[in-house]
Amino acid sequence: MNLDRDALNLRLWAICLVLSLLIPTCALAQTVMVGDVEIDPRDFAPDQDPETRLAPCLACHGAQAGGDIDFGPEVQFGTPALRGMAHDYLKESLIDYQAGRRSHEEMTVIASMLEVETIDFMARSFAAYPAPPLKSAEALARLADEDPRFRKGQAIALEGLPDEGVPACATCHGDLGEGNAELGPRLAGQNGLYIRRQFTAYADGTRQTAQAEIMQPVAAELSQEDIAAVAHYYEQLIQVGDPKAAPPSGDLDRTGDE
Ligand code: HEC
Ligand code: HEC
């Protein structure tokens, strides 16, 4: 009897596995493979607890929402950090993926699973993760001394390229890329590969967000070398330590976590 049931379970499992390979949403499992991550859209629902709702996002965006940085120096997927970004910016980004004003093979699929309330919950939660501390003034001065690419990126960030008519990034993104809710999103500690990809998206017009027109002329004027330098500069601004050292705060009740 038990043996029969085991055999039946095994057969059902095998059928489901085959189906899920053929059709991404196997009716029995109701999960979707997005990149390497298996996602059950029901986990995002408002009746789930916050940990369950956030877990699929953190699987890619890192345990402390620091993007690739949370997984160590070898990981280079170009997944952005979300911690400490402005609530409105995060919310707008998710709506932009849904509406096709931004497109990405993984995020477009994920955003399409989120209801209005869930988008707001996600934006609030990720804005509440604390931004990591910046490197000390001495450490930054040493980097500028020793690393020519950092030095070049720093010059573009702080002074722009006056000859090409490129304004200083700092005017809108904050003196050290800490972001400005009105003028431009946080860049300090952002993933360098991700920054480079956004420049491509602005330059080729695939990022058609409400404020893309501000970044499109900037992207058009910078060479690949300039972009690599400024992306390296912003990525390097933060202290990289133990990612577990900064537990999330804000309106998430995470007592007992970790
Ligand atoms: C399979 C991996 C993966 C999962 C799961 C995932 N993301 Fe992403 N996310 C990415 C990548 C990669 C990008 C960069 C996309 C691009 O280049 O436009 C991104 C971009 C974003 C951005 C834009 C950031 C910015 O600076 O503009 C937001 C916001 C975001 N994700 C939120 C979420 C939320 C919320 C969830 C869960 C509901 C989630 N992501 C799940 C991989 C993932
Ligand atoms: C006049 C203000 C302004 C200046 C100058 C400016 N930016 Fe921006 N930047 C913005 C705004 C606004 C956005 C958000 C646009 C959107 O919603 O797509 C943005 C978006 C970005 C993004 C995408 C962020 C993300 O999380 O997806 C990157 C990367 C970026 N800027 C880098 C730079 C760099 C590097 C410079 C200097 C070479 C620069 N910006 C100069 C206003 C500015």
# chains A, B, ... in the order shown; residues from 1 in each chain; ligands from 1

call {"tool": "residues_around", "arguments": {"residues": "Leu94 of chain A", "least_positions_apart": "3", "cutoff": "10 Å", "atoms": "only C-alpha atoms", "output": "number ranges by chain"}}
result
A: 89-91, 97-102, 107-108, 110-112, 114, 116, 119-120, 122-123

call {"tool": "closest_atom_pairs", "arguments": {"of": "chain A", "to": "ligand 2", "cutoff": "7 Å", "atoms": "only C-alpha atoms and all ligand atoms", "output": "CSV"}}
result
residue,atom,partner,partner_atom_place_in_ligand_line,distance
A:Ile156,CA,ligand 2,38 (C),6.0
A:Ala157,CA,ligand 2,37 (C),5.4
A:Gly160,CA,ligand 2,38 (C),6.2
A:Val166,CA,ligand 2,38 (C),6.7
A:Pro167,CA,ligand 2,5 (C),4.8
A:Ala168,CA,ligand 2,5 (C),5.4
A:Cys169,CA,ligand 2,37 (C),3.4
A:Ala170,CA,ligand 2,5 (C),6.9
A:Thr171,CA,ligand 2,5 (C),5.7
A:Cys172,CA,ligand 2,2 (C),4.3
A:His173,CA,ligand 2,7 (N),6.2
A:Leu183,CA,ligand 2,12 (C),5.2
A:Gly184,CA,ligand 2,11 (C),4.0
A:Pro185,CA,ligand 2,24 (C),5.8
A:Arg186,CA,ligand 2,26 (O),6.8
A:Leu187,CA,ligand 2,24 (C),6.6
A:Ile195,CA,ligand 2,29 (C),4.2
A:Arg196,CA,ligand 2,29 (C),6.9
A:Gln198,CA,ligand 2,29 (C),5.6
A:Phe199,CA,ligand 2,29 (C),6.4
A:Arg207,CA,ligand 2,18 (O),6.6
A:Thr209,CA,ligand 2,18 (O),4.8
A:Ala210,CA,ligand 2,17 (O),6.0
A:Gln211,CA,ligand 2,15 (C),4.5
A:Ala212,CA,ligand 2,18 (O),4.3
A:Ile214,CA,ligand 2,42 (C),5.8
A:Met215,CA,ligand 2,8 (Fe),5.4
A:Val218,CA,ligand 2,38 (C),6.1
A:Ile227,CA,ligand 2,35 (C),6.9
A:Val230,CA,ligand 2,35 (C),5.5
A:Ala231,CA,ligand 2,35 (C),6.5

call {"tool": "atom_distance", "arguments": {"atom1": "atom CA of Ala229 of chain A", "atom2": "atom 36 (C, counted along the ligand's line) of ligand 1"}}
result
28.2 Å

call {"tool": "select_by_dssp", "arguments": {"residues": "segment 48-214 of chain A", "states": "helix (DSSP H, G or I)", "output": "number ranges by chain"}}
result
A: 50-61, 67-71, 87-99, 107-111, 116-128, 137-146, 148-159, 162-164, 170-173, 192-203, 212-214

call {"tool": "write_last_selection", "arguments": {"atoms": "C-alpha atoms", "output": "mmCIF file, in the first residue's frame"}}
result
data_model
loop_
_atom_site.group_PDB
_atom_site.id
_atom_site.type_symbol
_atom_site.label_atom_id
_atom_site.label_comp_id
_atom_site.auth_asym_id
_atom_site.auth_seq_id
_atom_site.Cartn_x
_atom_site.Cartn_y
_atom_site.Cartn_z
ATOM 1 C CA PRO A 50 7.654 39.627 5.111
ATOM 2 C CA GLU A 51 10.545 37.113 5.062
ATOM 3 C CA THR A 52 8.722 34.841 2.632
ATOM 4 C CA ARG A 53 7.774 37.764 0.399
ATOM 5 C CA LEU A 54 11.321 39.122 0.236
ATOM 6 C CA ALA A 55 13.234 35.833 0.008
ATOM 7 C CA PRO A 56 12.976 35.398 -3.797
ATOM 8 C CA CYS A 57 14.234 38.971 -4.332
ATOM 9 C CA LEU A 58 17.114 38.493 -1.880
ATOM 10 C CA ALA A 59 18.130 35.290 -3.674
ATOM 11 C CA CYS A 60 19.396 37.535 -6.492
ATOM 12 C CA HIS A 61 19.820 40.930 -4.829
ATOM 13 C CA GLY A 67 23.605 43.017 -5.144
ATOM 14 C CA ASP A 68 26.580 40.994 -6.394
ATOM 15 C CA ILE A 69 28.746 42.446 -3.607
ATOM 16 C CA ASP A 70 26.897 40.293 -1.043
ATOM 17 C CA PHE A 71 28.033 37.118 -2.825
ATOM 18 C CA HIS A 87 11.319 54.447 -1.884
ATOM 19 C CA ASP A 88 9.869 56.404 -4.817
ATOM 20 C CA TYR A 89 12.721 55.439 -7.117
ATOM 21 C CA LEU A 90 12.397 51.712 -6.291
ATOM 22 C CA LYS A 91 8.653 51.818 -6.761
ATOM 23 C CA GLU A 92 8.896 53.632 -10.073
ATOM 24 C CA SER A 93 11.536 51.164 -11.306
ATOM 25 C CA LEU A 94 9.278 48.166 -10.652
ATOM 26 C CA ILE A 95 6.372 49.902 -12.401
ATOM 27 C CA ASP A 96 8.708 50.727 -15.321
ATOM 28 C CA TYR A 97 9.635 47.040 -15.751
ATOM 29 C CA GLN A 98 5.932 46.141 -15.688
ATOM 30 C CA ALA A 99 5.099 48.783 -18.266
ATOM 31 C CA MET A 107 13.252 41.620 -13.876
ATOM 32 C CA THR A 108 10.517 41.963 -16.501
ATOM 33 C CA VAL A 109 9.224 38.507 -15.555
ATOM 34 C CA ILE A 110 9.503 39.194 -11.810
ATOM 35 C CA ALA A 111 7.800 42.600 -11.964
ATOM 36 C CA VAL A 116 0.212 47.215 -6.634
ATOM 37 C CA GLU A 117 0.386 46.593 -2.863
ATOM 38 C CA THR A 118 3.360 44.256 -3.289
ATOM 39 C CA ILE A 119 5.300 46.839 -5.296
ATOM 40 C CA ASP A 120 4.836 49.342 -2.504
ATOM 41 C CA PHE A 121 5.837 46.743 0.111
ATOM 42 C CA MET A 122 9.009 45.878 -1.860
ATOM 43 C CA ALA A 123 9.957 49.541 -2.310
ATOM 44 C CA ARG A 124 9.444 50.252 1.406
ATOM 45 C CA SER A 125 11.362 47.163 2.482
ATOM 46 C CA PHE A 126 14.405 47.727 0.269
ATOM 47 C CA ALA A 127 14.558 51.435 1.078
ATOM 48 C CA ALA A 128 14.720 50.366 4.772
ATOM 49 C CA ALA A 137 38.548 60.168 3.452
ATOM 50 C CA GLU A 138 42.068 58.716 3.843
ATOM 51 C CA ALA A 139 41.144 55.444 2.150
ATOM 52 C CA LEU A 140 39.561 57.361 -0.747
ATOM 53 C CA ALA A 141 42.630 59.624 -1.076
ATOM 54 C CA ARG A 142 44.871 56.538 -1.123
ATOM 55 C CA LEU A 143 42.739 54.919 -3.840
ATOM 56 C CA ALA A 144 42.881 58.101 -5.942
ATOM 57 C CA ASP A 145 46.653 58.008 -5.538
ATOM 58 C CA GLU A 146 47.170 54.359 -6.413
ATOM 59 C CA PRO A 148 44.361 55.625 -12.121
ATOM 60 C CA ARG A 149 40.914 54.334 -13.149
ATOM 61 C CA PHE A 150 39.422 55.393 -9.814
ATOM 62 C CA ARG A 151 41.121 58.809 -10.201
ATOM 63 C CA LYS A 152 39.670 59.272 -13.675
ATOM 64 C CA GLY A 153 36.186 58.217 -12.508
ATOM 65 C CA GLN A 154 36.403 60.565 -9.554
ATOM 66 C CA ALA A 155 37.255 63.499 -11.835
ATOM 67 C CA ILE A 156 34.240 62.767 -14.068
ATOM 68 C CA ALA A 157 31.963 62.343 -11.049
ATOM 69 C CA LEU A 158 33.049 65.561 -9.346
ATOM 70 C CA GLU A 159 33.845 67.833 -12.290
ATOM 71 C CA PRO A 162 33.394 70.376 -19.416
ATOM 72 C CA ASP A 163 34.759 70.071 -22.991
ATOM 73 C CA GLU A 164 32.052 67.561 -23.942
ATOM 74 C CA ALA A 170 27.657 64.731 -8.205
ATOM 75 C CA THR A 171 25.320 67.635 -9.044
ATOM 76 C CA CYS A 172 22.395 65.235 -9.168
ATOM 77 C CA HIS A 173 23.612 62.010 -7.547
ATOM 78 C CA GLY A 192 29.909 48.547 -11.548
ATOM 79 C CA LEU A 193 28.704 46.138 -14.214
ATOM 80 C CA TYR A 194 25.114 47.211 -13.562
ATOM 81 C CA ILE A 195 26.071 50.910 -13.928
ATOM 82 C CA ARG A 196 27.761 50.151 -17.261
ATOM 83 C CA ARG A 197 24.678 48.295 -18.506
ATOM 84 C CA GLN A 198 22.392 51.210 -17.615
ATOM 85 C CA PHE A 199 24.585 53.496 -19.727
ATOM 86 C CA THR A 200 24.049 51.116 -22.646
ATOM 87 C CA ALA A 201 20.295 51.096 -21.960
ATOM 88 C CA TYR A 202 20.156 54.916 -21.928
ATOM 89 C CA ALA A 203 22.349 55.202 -25.033
ATOM 90 C CA ALA A 212 15.660 59.018 -19.028
ATOM 91 C CA GLU A 213 16.026 62.223 -21.044
ATOM 92 C CA ILE A 214 18.300 63.567 -18.320
#

call {"tool": "closest_residue", "arguments": {"among": "A:Ser136, A:Gln190, A:Asn180, A:Gln30", "to": "ligand 1", "atoms": "only C-alpha atoms and all ligand atoms"}}
result
A:Gln190

call {"tool": "select_by_dssp", "arguments": {"residues": "segment 12-210 of chain A", "states": "strand (DSSP E)", "output": "tab-separated table (two decimals) with N, CA and C atoms, in the first residue's frame"}}
result
chain	number	residue	atom	x	y	z
A	32	VAL	N	7.98	29.18	-11.24
A	32	VAL	CA	8.57	29.64	-12.49
A	32	VAL	C	10.08	29.74	-12.29
A	33	MET	N	10.86	29.26	-13.23
A	33	MET	CA	12.30	29.46	-13.14
A	33	MET	C	12.64	30.82	-13.74
A	34	VAL	N	13.24	31.69	-12.93
A	34	VAL	CA	13.70	32.99	-13.45
A	34	VAL	C	15.21	32.99	-13.25
A	37	VAL	N	16.80	31.03	-10.28
A	37	VAL	CA	15.97	31.07	-9.08
A	37	VAL	C	14.56	30.53	-9.39
A	38	GLU	N	14.11	29.58	-8.54
A	38	GLU	CA	12.77	29.04	-8.70
A	38	GLU	C	11.81	29.92	-7.91
A	39	ILE	N	10.81	30.46	-8.59
A	39	ILE	CA	9.93	31.42	-7.92
A	39	ILE	C	8.49	30.95	-7.94

call {"tool": "atom_distance", "arguments": {"atom1": "atom 26 (O, counted along the ligand's line) of ligand 1", "atom2": "atom CA of Tyr233 of chain A"}}
result
16.5 Å

call {"tool": "closest_residue", "arguments": {"among": "A:Asp204, A:Glu105, A:Glu235, A:Glu182", "to": "ligand 1", "atoms": "only C-alpha atoms and all ligand atoms"}}
result
A:Glu105

call {"tool": "atom_distance", "arguments": {"atom1": "atom CA of Arg42 of chain A", "atom2": "atom 21 (C, counted along the ligand's line) of ligand 1"}}
result
19.5 Å
